[in-house]
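Trainee: Below is my_file36.txt; it holds compact mmCIF, C-alpha atoms.
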# COMPACT_ATOMS: atom_id res chain seq x y z
CA MET A 834 0.00 0.00 0.00
CA LYS A 835 1.35 3.39 -0.98
CA LYS A 836 1.73 5.91 1.82
CA ARG A 837 0.81 9.54 1.38
CA LYS A 838 2.14 12.50 3.28
CA LEU A 839 0.23 15.64 4.05
CA GLU A 840 2.49 18.64 3.82
CA ALA A 841 1.11 21.92 5.05
CA GLU A 842 2.87 25.23 4.93
CA ILE A 843 2.04 27.46 7.86
CA ASN A 844 1.96 31.19 7.23
CA TYR A 845 3.39 33.12 10.17
CA ASP A 846 1.78 36.44 9.35
CA PHE A 847 2.47 38.26 12.61
CA SER A 848 5.18 40.17 14.42
CA LEU A 849 6.80 38.81 17.57
CA PHE A 850 8.35 40.83 20.38
CA GLY A 851 10.13 39.57 23.48
CA ILE A 852 9.99 41.59 26.70
CA ILE A 853 12.09 41.41 29.84
CA SER A 854 10.18 42.90 32.77
CA PRO A 855 9.69 42.09 36.47
CA LEU A 856 5.99 43.06 36.24
CA LYS A 857 3.14 40.61 36.73
CA GLU A 858 1.26 39.94 33.49
CA TYR A 859 -1.90 41.81 34.54
CA LYS A 860 0.14 44.92 35.39
CA LEU A 861 2.05 44.75 32.09
CA ALA A 862 -1.28 44.37 30.28
CA TRP A 863 -2.50 47.54 32.03
CA PHE A 864 0.58 49.48 30.87
CA LEU A 865 0.17 48.14 27.33
CA ASN A 866 -3.49 49.17 27.31
CA ASN A 867 -2.52 52.73 28.23
CA GLU A 868 0.45 52.97 25.89
CA LEU A 869 -1.07 51.33 22.80
CA ASP A 870 -4.68 52.46 23.32
CA VAL A 871 -5.97 48.87 23.28
CA HIS A 872 -7.98 46.82 25.77
CA LEU A 873 -6.10 43.62 26.58
CA ASP A 874 -8.33 41.27 28.57
CA LYS A 875 -7.45 38.08 30.37
CA ALA A 876 -8.37 35.22 28.05
CA LYS A 877 -8.41 31.50 28.75
CA ASP A 878 -4.93 30.15 29.42
CA ILE A 879 -3.43 28.26 26.51
CA GLU A 880 -2.63 24.61 27.18
CA ILE A 881 -0.14 22.87 24.93
CA VAL A 882 0.25 19.11 25.29
CA PHE A 883 3.46 17.52 24.04
CA LEU A 884 4.10 13.86 23.32
CA LYS A 885 6.47 13.39 26.25
CA ASN A 886 3.69 14.17 28.77
CA GLN A 887 4.98 17.67 29.40
CA ASN A 888 2.18 20.20 29.34
CA LEU A 889 2.53 23.95 29.12
CA ILE A 890 -0.08 26.30 30.50
CA ILE A 891 0.57 29.79 29.19
CA SER A 892 -1.05 32.92 30.61
CA ASN A 893 -2.83 34.78 27.81
CA PHE A 894 -4.11 38.36 27.50
CA GLN A 895 -5.78 39.26 24.22
CA TYR A 896 -7.23 42.22 22.32
CA GLU A 897 -9.00 41.50 19.06
CA THR A 898 -10.76 43.61 16.46
CA GLU A 899 -12.20 42.61 13.11
CA HIS A 900 -8.82 42.83 11.33
CA SER A 901 -6.20 42.78 14.06
CA LYS A 902 -5.11 41.00 17.20
CA ILE A 903 -2.59 41.54 19.99
CA ARG A 904 -1.64 38.80 22.45
CA LEU A 905 0.45 39.11 25.58
CA LEU A 906 1.81 35.70 26.54
CA LYS A 907 3.90 34.70 29.48
CA ASN A 908 6.89 32.78 28.11
CA LYS A 909 7.18 30.46 31.11
CA SER A 910 4.47 27.96 31.98
CA VAL A 911 2.23 28.95 34.88
CA ASP A 912 1.66 25.27 35.74
CA GLN A 913 3.02 24.73 39.23
CA PHE A 914 3.84 21.09 38.39
CA ALA A 915 5.75 21.93 35.20
CA ASP A 916 9.47 21.56 34.85
CA ASN A 917 11.49 24.70 35.60
CA SER A 918 12.58 24.73 31.98
CA ALA A 919 9.01 24.74 30.60
CA PHE A 920 9.02 27.68 28.18
CA LEU A 921 6.73 28.43 25.25
CA LEU A 922 9.80 29.34 23.19
CA PRO A 923 12.80 27.68 24.87
CA GLU A 924 15.31 29.50 22.66
CA LEU A 925 13.99 32.79 24.12
CA HIS A 926 14.19 31.65 27.75
CA ARG A 927 15.63 34.99 28.87
CA PHE A 928 12.43 36.81 27.90
CA ASP A 929 9.60 36.95 30.42
CA TYR A 930 6.82 37.84 27.97
CA LEU A 931 6.01 37.52 24.29
CA ILE A 932 3.78 39.87 22.33
CA ILE A 933 2.21 38.67 19.10
CA VAL A 934 0.88 41.42 16.85
CA GLU A 935 -1.31 40.68 13.83
CA GLY A 936 -2.85 43.21 11.46
CA PHE A 937 -1.75 46.50 13.04
CA ASP A 938 0.38 47.40 9.99
CA GLY A 939 -1.59 50.58 9.30
CA THR A 940 -1.54 51.69 12.94
CA TYR A 941 1.93 50.77 14.20
CA SER A 942 5.12 49.82 12.41
CA ASN A 943 7.42 47.37 14.19
CA LYS A 944 9.81 50.22 14.97
CA THR A 945 7.06 52.40 16.46
CA LEU A 946 5.69 49.48 18.45
CA LYS A 947 9.14 48.67 19.82
CA GLU A 948 9.60 52.32 20.87
CA LYS A 949 6.21 52.38 22.60
CA LEU A 950 6.96 49.13 24.44
CA SER A 951 10.38 50.44 25.48
CA SER A 952 8.82 53.62 26.87
CA ILE A 953 7.06 51.68 29.64
CA PRO A 954 9.23 52.37 32.73
CA GLN A 955 9.22 48.82 34.11
CA VAL A 956 10.13 47.22 30.78
CA GLN A 957 13.85 46.55 30.88
CA PHE A 958 14.37 45.31 27.32
CA VAL A 959 12.35 44.77 24.11
CA GLN A 960 13.42 42.91 21.01
CA SER A 961 11.59 41.91 17.84
CA PHE A 962 12.27 38.50 16.31
CA PRO A 963 11.97 37.18 12.77
CA ILE A 964 9.61 34.20 13.11
CA ASP A 965 11.46 32.07 10.55
CA SER A 966 14.63 32.08 12.67
CA LEU A 967 12.92 30.41 15.65
CA LYS A 968 13.35 26.68 16.14
CA SER A 969 10.10 26.18 18.09
CA LYS A 970 7.90 28.58 16.11
CA GLU A 971 5.20 25.88 15.84
CA ASN A 972 4.45 26.52 19.54
CA LEU A 973 2.97 29.87 18.49
CA ILE A 974 0.20 28.27 16.42
CA PHE A 975 -2.92 27.89 18.56
Take the structure in the file and write it out as structure tokens.
Mentor:
Amino acid sequence: MKKRKLEAEINYDFSLFGIISPLKEYKLAWFLNNELDVHLDKAKDIEIVFLKNQNLIISNFQYETEHSKIRLLKNKSVDQFADNSAFLLPELHRFDYLIIVEGFDGTYSNKTLKEKLSSIPQVQFVQSFPIDSLKSKENLIF
């Protein structure tokens, strides 16, 4: 019997920013709401189940309009039983939070968005990342 493979190409049509900050996620969401004029709300935590029985539970704040979406994700799992090395993007383990921006091209450029994020006093460092360079980019599809 001949085997067939399904090959699917995933389009990563969003911008990704990493943030280093000592703030709790709800406080960072409040600062982002004020700085970006959005309304990030706490959404259901994202649970990712891997084959080796390691689960990730990621804190998720989200703002969505008809054509755009912003997500604030905690990079480290909030599961108290998870391994200490349980990160959404392990190659970015130094970053506390990830921001995924979709469809705000007309409102904010990546440079402007990075400047606005950097202007928050408690944000220590902001960096944008090309999605294609990430090894575990599939973890961002949910």
Trainee: Ranking A:Leu839, A:Asn866, A:Glu897, A:Pro855 by minimum distance to A:Gln957 and counting all atoms listed in the file, which one comes first?
Mentor: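 Nearest to A:Gln957: A:Pro855.
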Trainee: Mind giving me the straight-line distance from atom CA of A:Tyr896 to atom CA of A:Phe864 in Å, one decimal?
Mentor: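 Computed distance, atom CA of A:Tyr896 to atom CA of A:Phe864, equals 13.7 Å.
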Trainee: For a cut-off of 7 Å around (-2.5, 22.9, 32.4), file coordinates, pick out all residues using only C-alpha atoms and list them as JSON, numbers by chain.
Mentor: {"A": [880, 888, 889, 890, 912]}
Trainee: Please compute the atom CA of A:Val959-atom CA of A:Phe975 distance, one decimal, in Å.
Mentor: 23.4 Å
Trainee: Of the residues A:Lys944, A:Lys909, A:Lys949, A:Lys835, which is the one nearest to A:Leu931, using all atoms listed in the file?
Mentor: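 Ranking A:Lys944, A:Lys909, A:Lys949, A:Lys835 by distance to A:Leu931, first place goes to A:Lys909.
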Trainee: Residues within 12 Å of A:Leu873, please, as a list in words. Count all atoms listed in the file; anything in the same chain fewer than 5 positions from it doesn't count.
Mentor: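 The residues satisfying every condition are Glu858, Tyr859, Lys860, Leu861, Ala862, Trp863, Phe864, Leu865, Asn866, Asn867, Glu868, Asn893, Phe894, Gln895, Tyr896, Glu897, Thr898, Lys902, Ile903, Arg904, Leu905, Leu906 and Ile932 of chain A.
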Trainee: Expressed in Å to a single decimal, how great is the separation between atom CA of A:Ser969 and atom CA of A:Val934?
Mentor: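 Going from atom CA of A:Ser969 over to atom CA of A:Val934 covers 17.9 Å.
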Trainee: Which of these residues is nearest to A:Asp929, using all atoms listed in the file: A:Ile891, A:Leu973, A:Val871, A:Ile964?
Mentor: A:Ile891
Trainee: Find the residues with any atom within 12 Å of (10.7, 49.3, 16.2); use all atoms listed in the file and the coordinates as given in the file, and write the answer as a list in words.
Mentor: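 The residues near that point, listed by chain and number, are Ser848, Leu849, Phe850, Tyr941, Ser942, Asn943, Lys944, Thr945, Leu946, Lys947, Glu948, Lys949, Leu950, Ser951, Ser952, Val959, Gln960, Ser961 and Phe962 of chain A.
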Trainee: Counting only C-alpha atoms, which residue out of A:Ser892, A:Phe937, A:Leu925, A:Lys836 sits closest to A:Leu869?
Mentor: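 Counting only C-alpha atoms, the residue closest to A:Leu869 is A:Phe937.
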Trainee: Using all atoms listed in the file, pick whichever of A:Phe883, A:Glu924, A:Lys875, A:Phe847 has the shortest atom-to-atom distance to A:Ser901.
Mentor: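 Of A:Phe883, A:Glu924, A:Lys875, A:Phe847, the one nearest A:Ser901 is A:Phe847, counting all atoms listed in the file.
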Trainee: Nearest to A:Asn908 among A:Glu935, A:Pro954, A:Ile853, A:Ser966, with distances taken over all atoms listed in the file: which residue is it?
Mentor: A:Ile853
